[in-house]
Amino acid sequence: MPAPRNGSTMIEGRVVSDAPGGVSIVFQGGPGETLAVGARAEERGARSSVLLGHKNSRYRIGYFDGAVLRAEPVDETGLTLRRGDGNAVGTILRGATVTAVAATGGTLFHFVPDPDEASTPDLFRLVILDRSGIEFGRIDVIRGVGGWASHRLADRNGDTYLWWDRTGESLAVPILGTRVVAEHPLDRIERDVLLAACTDIALGLRPYISAMRPGCGACR
């Protein structure tokens with residue numbers, strides 16, 4: 001992963017159509033810097049599953065350096081994360097609120113609505129809280145091409161990249177991608193959990209905040 005200025009992190013994930021019937025999400029840490037690719041473990045009907053939502057999706061996230069992360073459902077509310085060697089990373093628990101828990105049992109993150117900026121027709125806005133309830137970072141979930149141009153600072157020093165303002169193509173899927181912003185570099189577990197959450201949101205259409213629940217027109 002490239003080192004952003006001031007030590008901050010910005011990771012953009014764009015949903016792309018790979019082949020007839022298939023979609024994936026490509027994560028980049030900077031222009032031309034592919035970090036990982038997330039896809040459904042199920043091959044058949046992938047595009048229709050993205051359009052309709054799928055409650056028990058399995059995902060494979062392949063990193064550019066060869067590492068692999070697998071996300072598999074425990075039940076309707078849980079998604080367990082393991083690396084390619086079988087080592088447990090943690091679990092994402094989805095209920096009235098969504099919490100990420102480490103394999104050791106400690107809370108990693110809570111995902112909550114952005115209290116400062118409301119969601120719009122072009123994007124949902126989420127805040128990532130750490131175990132103490134302090135803001136760790138933010139996630140924008142892109143619903144329309146205009147959402148890519150929404151400006152987001154990575155830290156209080158104004159660290160940002162102009163390339164985030166590129167617009168994207170319109171696709172026949174409800175979510176076009178995600179953008180993760182944090183004021184500091186991510187460690188391996190933090191990165192794994194956040195990319196798994198973004199894949200779950202974008203390809204599984206899982207609602208991580210109330211605005212994304214039935215009636216919003218995007219997630220189910």
# chains A, B, ... in the order shown; residues from 1 in each chain; ligands from 1
$ residues_around --residues "Gly38 in chain A" --least-positions-apart "2" --cutoff "6 Å" --atoms "only C-alpha atoms" --output "PDB file with all heavy atoms, in the first residue's frame"
ATOM      1  N   SER A  24     -17.081  -7.610  -9.467  1.00  0.00           N
ATOM      2  CA  SER A  24     -16.138  -7.635  -8.358  1.00  0.00           C
ATOM      3  C   SER A  24     -15.936  -6.196  -7.895  1.00  0.00           C
ATOM      4  O   SER A  24     -16.455  -5.253  -8.491  1.00  0.00           O
ATOM      5  CB  SER A  24     -14.808  -8.268  -8.787  1.00  0.00           C
ATOM      6  OG  SER A  24     -14.214  -7.518  -9.830  1.00  0.00           O
ATOM      7  N   ILE A  25     -15.181  -6.025  -6.816  1.00  0.00           N
ATOM      8  CA  ILE A  25     -14.860  -4.690  -6.346  1.00  0.00           C
ATOM      9  C   ILE A  25     -13.340  -4.582  -6.276  1.00  0.00           C
ATOM     10  O   ILE A  25     -12.667  -5.409  -5.653  1.00  0.00           O
ATOM     11  CB  ILE A  25     -15.528  -4.378  -4.983  1.00  0.00           C
ATOM     12  CG1 ILE A  25     -15.178  -2.957  -4.523  1.00  0.00           C
ATOM     13  CG2 ILE A  25     -15.198  -5.417  -3.919  1.00  0.00           C
ATOM     14  CD1 ILE A  25     -16.029  -2.460  -3.357  1.00  0.00           C
ATOM     15  N   ARG A  60     -14.232 -13.676  -1.410  1.00  0.00           N
ATOM     16  CA  ARG A  60     -12.786 -13.878  -1.435  1.00  0.00           C
ATOM     17  C   ARG A  60     -12.148 -12.549  -1.804  1.00  0.00           C
ATOM     18  O   ARG A  60     -12.483 -11.954  -2.835  1.00  0.00           O
ATOM     19  CB  ARG A  60     -12.388 -14.933  -2.462  1.00  0.00           C
ATOM     20  CG  ARG A  60     -10.880 -15.175  -2.527  1.00  0.00           C
ATOM     21  CD  ARG A  60     -10.539 -16.097  -3.690  1.00  0.00           C
ATOM     22  NE  ARG A  60      -9.130 -16.465  -3.717  1.00  0.00           N
ATOM     23  CZ  ARG A  60      -8.159 -15.710  -4.233  1.00  0.00           C
ATOM     24  NH1 ARG A  60      -8.468 -14.519  -4.791  1.00  0.00           N
ATOM     25  NH2 ARG A  60      -6.907 -16.104  -4.215  1.00  0.00           N
ATOM     26  N   ILE A  61     -11.229 -12.068  -0.969  1.00  0.00           N
ATOM     27  CA  ILE A  61     -10.499 -10.837  -1.246  1.00  0.00           C
ATOM     28  C   ILE A  61      -9.042 -11.232  -1.492  1.00  0.00           C
ATOM     29  O   ILE A  61      -8.364 -11.751  -0.603  1.00  0.00           O
ATOM     30  CB  ILE A  61     -10.603  -9.843  -0.086  1.00  0.00           C
ATOM     31  CG1 ILE A  61     -12.071  -9.442   0.117  1.00  0.00           C
ATOM     32  CG2 ILE A  61      -9.748  -8.601  -0.358  1.00  0.00           C
ATOM     33  CD1 ILE A  61     -12.304  -8.579   1.335  1.00  0.00           C
TER      34      ILE A  61
END
$ residues_around --residues "range 91-105 of chain A" --least-positions-apart "5" --cutoff "12 Å" --atoms "only C-alpha atoms" --output "PyMOL selection string"
chain A and resi 55+70-83+110-113+126-131+133+188-190+192-198+200-201+206-213
$ residues_around --residues "range 28-36 of chain A" --least-positions-apart "2" --cutoff "6 Å" --atoms "only C-alpha atoms" --output "ChimeraX atom specification"
/A:11-12,62-64
$ closest_residue --among "A:Gly7, A:Gly137, A:Pro115, A:Gly147" --to "Ile175 in chain A" --atoms "only C-alpha atoms"
A:Gly147
